[in-house]
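See below for protein_23.cif, which holds mmCIF, C-alpha atoms.
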```
data_query
loop_
_atom_site.label_atom_id
_atom_site.label_comp_id
_atom_site.auth_asym_id
_atom_site.auth_seq_id
_atom_site.Cartn_x
_atom_site.Cartn_y
_atom_site.Cartn_z
CA MET A 1 2.61 34.93 -16.85
CA ILE A 2 3.07 31.14 -16.58
CA ALA A 3 2.98 29.41 -19.96
CA PRO A 4 0.39 26.62 -20.40
CA LEU A 5 1.72 23.08 -20.24
CA SER A 6 2.89 22.01 -23.67
CA PRO A 7 1.93 18.61 -25.14
CA LEU A 8 5.61 17.60 -25.10
CA ALA A 9 5.97 18.53 -21.42
CA PHE A 10 2.80 16.66 -20.52
CA ASP A 11 3.96 13.55 -22.40
CA THR A 12 7.33 13.72 -20.62
CA LEU A 13 5.71 13.82 -17.19
CA ALA A 14 3.00 11.27 -17.98
CA SER A 15 5.47 8.80 -19.50
CA LEU A 16 7.83 9.14 -16.55
CA LEU A 17 5.06 8.47 -14.04
CA LYS A 18 3.69 5.48 -15.92
CA SER A 19 7.07 3.83 -16.47
CA ARG A 20 8.38 4.43 -12.93
CA SER A 21 5.23 3.86 -10.88
CA GLY A 22 2.36 2.69 -13.10
CA LEU A 23 0.47 5.91 -12.35
CA ILE A 24 -1.79 7.02 -15.19
CA ILE A 25 -2.23 10.78 -15.53
CA GLY A 26 -4.66 12.28 -18.05
CA MET A 27 -5.12 15.92 -18.96
CA ASP A 28 -8.07 15.93 -16.57
CA LYS A 29 -5.53 15.52 -13.74
CA LEU A 30 -3.50 18.57 -14.72
CA TYR A 31 -4.45 20.25 -11.44
CA LEU A 32 -2.85 17.34 -9.57
CA LEU A 33 0.42 17.82 -11.42
CA GLU A 34 0.38 21.53 -10.68
CA THR A 35 -0.41 21.06 -6.99
CA ARG A 36 2.01 18.24 -6.19
CA LEU A 37 4.95 19.43 -8.26
CA ALA A 38 4.82 23.08 -7.19
CA ALA A 39 7.30 22.57 -4.34
CA ILE A 40 9.83 20.86 -6.65
CA ILE A 41 9.50 23.61 -9.25
CA LYS A 42 10.14 26.20 -6.54
CA ARG A 43 13.07 24.25 -5.05
CA GLU A 44 14.73 23.86 -8.45
CA LYS A 45 14.12 27.56 -9.25
CA LEU A 46 12.24 26.69 -12.42
CA ASN A 47 9.63 28.86 -14.09
CA ASP A 48 6.94 26.22 -14.63
CA MET A 49 6.21 22.58 -15.44
CA ASN A 50 7.48 23.05 -19.00
CA ALA A 51 10.90 23.87 -17.55
CA LEU A 52 10.64 20.92 -15.18
CA ALA A 53 9.85 18.55 -18.07
CA GLU A 54 12.76 19.97 -20.07
CA ARG A 55 15.09 19.34 -17.12
CA LEU A 56 13.80 15.76 -16.83
CA ARG A 57 14.70 15.10 -20.46
CA ARG A 58 18.34 15.92 -19.79
CA PRO A 59 20.90 13.22 -18.97
CA GLY A 60 21.63 12.84 -15.28
CA SER A 61 18.13 13.76 -14.10
CA ASP A 62 17.43 10.50 -12.27
CA ALA A 63 17.36 12.07 -8.78
CA LEU A 64 14.92 14.73 -9.96
CA ALA A 65 12.78 12.05 -11.64
CA ARG A 66 12.63 10.14 -8.35
CA ASP A 67 11.48 13.28 -6.53
CA VAL A 68 8.73 13.85 -9.11
CA VAL A 69 7.49 10.26 -8.82
CA GLU A 70 7.50 10.41 -5.02
CA ALA A 71 5.58 13.69 -5.03
CA MET A 72 2.94 12.25 -7.34
CA THR A 73 2.54 8.85 -5.68
CA THR A 74 2.40 9.86 -2.01
CA ASN A 75 -1.11 8.83 -1.00
CA GLU A 76 -3.20 9.76 2.00
CA SER A 77 -3.20 7.18 4.75
CA PHE A 78 -4.87 6.91 8.13
CA PHE A 79 -5.36 4.37 10.88
CA PHE A 80 -7.97 1.62 10.38
CA ARG A 81 -9.04 3.14 7.08
CA ASP A 82 -12.52 1.88 6.07
CA GLU A 83 -12.57 -0.31 9.22
CA LYS A 84 -14.16 -3.42 7.65
CA PRO A 85 -10.95 -4.93 6.22
CA PHE A 86 -9.34 -4.70 9.65
CA LEU A 87 -12.37 -6.28 11.30
CA HIS A 88 -12.19 -9.14 8.79
CA PHE A 89 -8.45 -9.50 9.39
CA ARG A 90 -8.97 -9.77 13.15
CA THR A 91 -12.07 -11.96 13.29
CA GLN A 92 -11.64 -14.20 10.24
CA ALA A 93 -8.25 -14.09 8.54
CA LEU A 94 -6.06 -14.40 11.62
CA PRO A 95 -8.08 -17.22 13.26
CA ARG A 96 -8.18 -19.12 9.97
CA LEU A 97 -4.45 -18.86 9.41
CA VAL A 98 -3.67 -19.74 13.02
CA ALA A 99 -5.74 -22.90 12.62
CA ALA A 100 -3.90 -23.78 9.40
CA ARG A 101 -0.35 -23.09 10.59
CA PRO A 102 1.52 -25.17 13.21
CA PRO A 103 2.82 -23.52 16.40
CA GLY A 104 6.19 -21.89 15.85
CA SER A 105 5.43 -20.94 12.25
CA THR A 106 5.47 -17.39 10.87
CA ILE A 107 2.46 -15.73 9.26
CA ARG A 108 3.60 -12.97 6.89
CA VAL A 109 1.50 -9.89 6.13
CA TRP A 110 2.34 -7.33 3.42
CA SER A 111 1.12 -3.74 3.44
CA ALA A 112 1.80 -2.67 -0.16
CA ALA A 113 2.13 1.07 -0.84
CA SER A 114 2.29 1.56 2.91
CA SER A 115 2.86 5.33 2.75
CA SER A 116 3.51 6.73 6.25
CA GLY A 117 2.77 3.44 7.99
CA GLN A 118 -0.72 3.78 9.44
CA GLU A 119 -2.05 0.64 7.74
CA ALA A 120 0.88 -1.53 8.85
CA TYR A 121 0.66 -0.22 12.41
CA SER A 122 -3.11 -0.76 12.48
CA LEU A 123 -2.43 -4.41 11.64
CA ALA A 124 0.30 -4.55 14.30
CA MET A 125 -2.08 -3.26 16.98
CA ILE A 126 -4.63 -5.93 16.03
CA VAL A 127 -1.91 -8.58 16.28
CA ALA A 128 -0.88 -7.26 19.68
CA GLU A 129 -4.45 -7.56 20.91
CA SER A 130 -4.76 -11.05 19.41
CA ALA A 131 -1.64 -12.45 21.09
CA ALA A 132 -3.64 -14.94 23.16
CA VAL A 133 -4.98 -16.73 20.09
CA LEU A 134 -1.69 -16.94 18.17
CA GLY A 135 -0.43 -19.93 20.12
CA GLY A 136 3.24 -19.18 19.65
CA ARG A 137 2.92 -18.28 15.98
CA LYS A 138 4.85 -15.23 14.86
CA ILE A 139 3.32 -12.46 12.74
CA GLU A 140 5.69 -10.61 10.43
CA ILE A 141 4.40 -7.35 8.95
CA VAL A 142 6.20 -5.81 5.97
CA GLY A 143 5.34 -2.36 4.63
CA THR A 144 6.69 -1.23 1.25
CA ASP A 145 6.57 2.02 -0.68
CA ILE A 146 8.59 3.87 -3.29
CA ALA A 147 8.54 7.19 -1.40
CA ARG A 148 11.62 7.43 0.81
CA ASP A 149 10.30 10.31 2.89
CA GLN A 150 7.13 8.40 3.71
CA LEU A 151 9.11 5.30 4.63
CA ALA A 152 11.23 7.41 6.97
CA ARG A 153 8.07 8.71 8.62
CA ALA A 154 6.73 5.18 8.98
CA ARG A 155 9.92 3.94 10.61
CA ASP A 156 9.93 6.91 12.99
CA GLY A 157 6.32 6.28 14.05
CA LEU A 158 5.58 9.92 14.89
CA TYR A 159 2.13 11.26 14.02
CA SER A 160 0.34 14.58 14.42
CA GLN A 161 -2.75 15.13 16.54
CA PHE A 162 -4.77 15.34 13.32
CA GLU A 163 -3.43 11.99 12.09
CA VAL A 164 -4.19 10.07 15.28
CA GLN A 165 -7.70 11.48 15.36
CA ARG A 166 -8.51 9.91 11.98
CA GLY A 167 -9.80 6.39 12.59
CA LEU A 168 -7.72 5.51 15.65
CA PRO A 169 -9.88 4.46 18.64
CA VAL A 170 -9.04 6.54 21.70
CA GLN A 171 -8.34 3.45 23.79
CA MET A 172 -5.67 2.37 21.28
CA LEU A 173 -4.21 5.86 21.28
CA MET A 174 -3.85 5.72 25.06
CA ARG A 175 -2.50 2.15 25.03
CA TYR A 176 -0.06 2.27 22.14
CA PHE A 177 1.08 5.89 21.80
CA ARG A 178 2.79 8.44 24.01
CA LYS A 179 2.70 12.22 23.73
CA ASP A 180 5.77 13.75 22.12
CA ASP A 181 5.48 17.53 22.31
CA THR A 182 2.45 18.29 20.09
CA ASN A 183 2.64 14.90 18.34
CA TRP A 184 2.14 11.24 19.25
CA ARG A 185 4.81 8.54 19.00
CA ILE A 186 3.83 4.91 18.59
CA ALA A 187 5.10 2.51 21.27
CA ASP A 188 8.26 0.55 20.50
CA THR A 189 6.37 -2.69 21.11
CA ILE A 190 4.19 -1.88 18.07
CA ARG A 191 6.83 -0.10 15.99
CA THR A 192 9.17 -3.10 16.08
CA MET A 193 6.41 -5.41 14.82
CA ALA A 194 6.52 -3.79 11.37
CA GLN A 195 9.45 -3.41 9.02
CA PHE A 196 9.45 -0.95 6.13
CA ARG A 197 11.28 -1.34 2.84
CA GLU A 198 11.66 0.72 -0.31
CA PHE A 199 10.05 -1.30 -3.08
CA ASN A 200 8.27 -0.65 -6.37
CA LEU A 201 5.11 -2.65 -7.13
CA LEU A 202 6.18 -2.80 -10.78
CA SER A 203 9.39 -4.62 -9.83
CA ASP A 204 9.92 -8.37 -9.51
CA LEU A 205 8.11 -9.14 -6.24
CA ARG A 206 9.81 -12.47 -5.57
CA PRO A 207 12.63 -10.99 -3.42
CA LEU A 208 9.97 -10.00 -0.88
CA GLY A 209 9.28 -13.66 -0.12
CA ARG A 210 5.98 -15.42 0.39
CA PHE A 211 2.97 -13.83 2.09
CA ASP A 212 -0.15 -15.20 3.71
CA ILE A 213 -2.05 -11.90 3.65
CA VAL A 214 -1.63 -8.91 1.36
CA PHE A 215 -3.18 -5.48 1.82
CA CYS A 216 -2.94 -3.62 -1.51
CA ARG A 217 -5.68 -1.06 -1.01
CA ASN A 218 -6.40 2.09 -3.01
CA VAL A 219 -3.42 1.49 -5.29
CA LEU A 220 -4.82 -0.25 -8.37
CA ILE A 221 -7.21 2.63 -9.05
CA TYR A 222 -4.23 4.61 -10.39
CA PHE A 223 -3.21 1.91 -12.92
CA ASP A 224 -4.49 1.03 -16.38
CA GLN A 225 -5.95 -2.44 -16.99
CA PRO A 226 -2.78 -4.15 -18.28
CA THR A 227 -0.79 -2.83 -15.30
CA LYS A 228 -3.48 -3.95 -12.85
CA ALA A 229 -3.43 -7.46 -14.35
CA ARG A 230 0.36 -7.56 -14.24
CA VAL A 231 0.54 -6.44 -10.60
CA LEU A 232 -2.24 -8.77 -9.44
CA GLY A 233 -0.60 -11.69 -11.22
CA ALA A 234 2.71 -10.92 -9.56
CA ILE A 235 1.06 -10.66 -6.13
CA ALA A 236 -0.67 -14.01 -6.61
CA GLY A 237 2.70 -15.51 -7.46
CA ILE A 238 4.14 -14.74 -4.02
CA MET A 239 1.11 -15.70 -1.94
CA ALA A 240 0.38 -18.89 -0.02
CA PRO A 241 -2.31 -21.07 -1.68
CA ASP A 242 -4.74 -20.22 1.13
CA GLY A 243 -3.72 -16.55 1.23
CA LEU A 244 -6.04 -13.56 1.26
CA LEU A 245 -5.81 -10.29 -0.65
CA TYR A 246 -7.48 -7.06 0.52
CA LEU A 247 -8.25 -4.36 -2.06
CA GLY A 248 -9.86 -0.94 -1.68
CA GLY A 249 -13.60 -0.45 -1.84
CA ALA A 250 -13.43 0.92 -5.39
CA GLU A 251 -11.15 -1.86 -6.65
CA THR A 252 -11.86 -5.36 -7.96
CA VAL A 253 -10.17 -8.31 -9.66
CA LEU A 254 -13.26 -9.08 -11.73
CA GLY A 255 -12.64 -8.74 -15.43
CA ILE A 256 -8.92 -8.19 -14.78
CA THR A 257 -7.42 -11.49 -13.61
CA ALA A 258 -8.42 -15.05 -12.79
CA LYS A 259 -5.61 -15.35 -10.23
CA PHE A 260 -7.97 -14.35 -7.42
CA ALA A 261 -11.60 -15.11 -6.60
CA PRO A 262 -13.93 -13.01 -4.42
CA MET A 263 -14.64 -14.28 -0.94
CA PRO A 264 -18.37 -15.02 -0.59
CA ASN A 265 -20.34 -12.21 1.03
CA GLU A 266 -17.23 -10.07 1.50
CA ARG A 267 -16.39 -6.84 -0.29
CA GLY A 268 -12.77 -6.23 -1.17
CA VAL A 269 -11.49 -9.60 0.11
CA TYR A 270 -10.11 -12.13 -2.37
CA ALA A 271 -8.67 -15.63 -2.09
CA VAL A 272 -5.92 -17.00 -4.28
CA ALA A 273 -7.78 -18.93 -6.96
CA ALA A 274 -7.10 -22.63 -7.45
CA THR A 275 -6.49 -23.93 -10.97
CA GLY A 276 -9.83 -24.04 -12.74
CA SER A 277 -12.89 -22.01 -11.79
CA ALA A 278 -14.83 -25.03 -10.55
CA THR A 279 -12.04 -26.01 -8.16
CA ALA A 280 -11.74 -22.44 -6.94
CA SER A 281 -15.46 -22.15 -6.33
CA ALA A 282 -15.54 -25.42 -4.41
CA ARG A 283 -12.61 -24.41 -2.24
CA LEU A 284 -14.05 -20.97 -1.54
CA ALA A 285 -17.34 -22.46 -0.47
CA ASN A 286 -15.49 -24.09 2.45
CA VAL A 287 -13.68 -20.91 3.52
CA GLY A 288 -14.74 -18.67 6.39
#
```
Go ahead and render the structure in this file as structure tokens.
Amino acid sequence: MIAPLSPLAFDTLASLLKSRSGLIIGMDKLYLLETRLAAIIKREKLNDMNALAERLRRPGSDALARDVVEAMTTNESFFFRDEKPFLHFRTQALPRLVAARPPGSTIRVWSAASSSGQEAYSLAMIVAESAAVLGGRKIEIVGTDIARDQLARARDGLYSQFEVQRGLPVQMLMRYFRKDDTNWRIADTIRTMAQFREFNLLSDLRPLGRFDIVFCRNVLIYFDQPTKARVLGAIAGIMAPDGLLYLGGAETVLGITAKFAPMPNERGVYAVAATGSATASARLANVG
């Protein structure tokens, strides 16, 4: 019979996840721990999560700790998820930035917590179809995640039949993918448009450089308020003054930070706020 999770074991796991990834796990998410860590417990030939937590408390357990964090932070991803942010990116954000940037300049887009790459590649396909309006401007897409296995999948660009059926228009499937046995491989012309890097959102973001557009969707929901404020502040610090931030439908900056202001009549789209609320409001009124 498997022993129930002890308070010490739970604290060990919860503290590890919060410090390494910002993920907040309460006792109500015990089922999530059990489900996602089962494979590691089996691989390590441990009896249960109590034994796993005890192993994590030993010196030299950093590799195991990384595996636990990756297992718990791997999020579901699919092409053109929620659709509206990608429509806004294509019809409003790109044209606005093209108008504001001289020919020959580079517009940088960040897909934070990019998982297996579907978001970054969705953006790349939009860019490919918008080539005529770019006027010689280059679009650089950077995807980051802390899960090495997901980054490897993203770089490989190979997706199952199930994955390409979730949100990907059939015409884009035919245009930008080729059949590879029972799977689908994204075309090199799209794959080379996105680069993927191992990076932790809780780290110093400045080495990533400056971005014009940031997609950080369905990530903040796992953080507590202080961590959300810290991450949003750090993101604002590496964005262009006229940059745009896209959050998930259940996420907001309101009541968390004054670094961003909501775009009028848009859900989940935020502009970098100017100094002073009055200045920000005036500038936002002229956007779009």
Practice task
Between A:Leu173, A:Ala147, A:Leu205, A:Ile139, single out the one closest to Thr192 in chain A, counting only C-alpha atoms.
Solution key: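 Selected residue with least distance to Thr192 in chain A: A:Ile139.
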Practice task
Determine the nearest neighbour of Ala229 in chain A from the options A:Leu202, A:Leu208, A:Leu64, A:Leu32, counting all atoms listed in the file.
Solution key: A:Leu202
With range 10-19 of chain A as the partner and 12 Å as the cut-off, tabulate the residues of range 47-144 of chain A that qualify, each row holding the nearest pair of atoms and their distance in Å to one decimal, using all atoms listed in the file, sorted by chain and rising number, as a tab-separated table.
```
residue	atom	partner	partner_atom	distance
A:Asp48	CA	A:Phe10	CA	12.0
A:Met49	CA	A:Phe10	CA	8.5
A:Asn50	CA	A:Phe10	CA	8.1
A:Ala51	CA	A:Thr12	CA	11.2
A:Leu52	CA	A:Leu13	CA	8.9
A:Ala53	CA	A:Thr12	CA	6.0
A:Glu54	CA	A:Thr12	CA	8.3
A:Arg55	CA	A:Thr12	CA	10.2
A:Leu56	CA	A:Thr12	CA	7.8
A:Arg57	CA	A:Thr12	CA	7.5
A:Arg58	CA	A:Thr12	CA	11.3
A:Ser61	CA	A:Leu16	CA	11.6
A:Asp62	CA	A:Leu16	CA	10.6
A:Leu64	CA	A:Leu16	CA	11.2
A:Ala65	CA	A:Leu16	CA	7.6
A:Arg66	CA	A:Leu16	CA	9.6
A:Asp67	CA	A:Leu17	CA	11.0
A:Val68	CA	A:Leu17	CA	8.2
A:Val69	CA	A:Leu17	CA	6.0
A:Glu70	CA	A:Leu17	CA	9.5
A:Ala71	CA	A:Leu17	CA	10.4
A:Met72	CA	A:Leu17	CA	8.0
A:Thr73	CA	A:Leu17	CA	8.7
```
Problem - Point-to-point distance in Å for CA of Ile238 in chain A and CA of Asn200 in chain A - result: 14.9 Å
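Using the PyMOL selection byres ((chain A and resi 124-137) around 6) on the file at hand returns these residues: Pro103, Gly104, Ser105, Thr106, Tyr121, Ser122, Leu123 and Lys138 of chain A.
Take CA of Phe215 in chain A and CA of Thr227 in chain A: the distance between them is 17.5 Å.
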Handout entry: Between CA of Arg96 in chain A and CA of Arg206 in chain A, distance in Å (one decimal)
Key =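 Computed distance, CA of Arg96 in chain A to CA of Arg206 in chain A, equals 24.7 Å.
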Exercise for the section: List the neighbours of Asp212 in chain A out to 7 Å using all atoms listed in the file; skip same-chain residues closer than 2 positions along the sequence, and give me the result as a VMD selection string. Expected result: chain A and resid 107 to 109 210 214 239 to 240 243 to 244
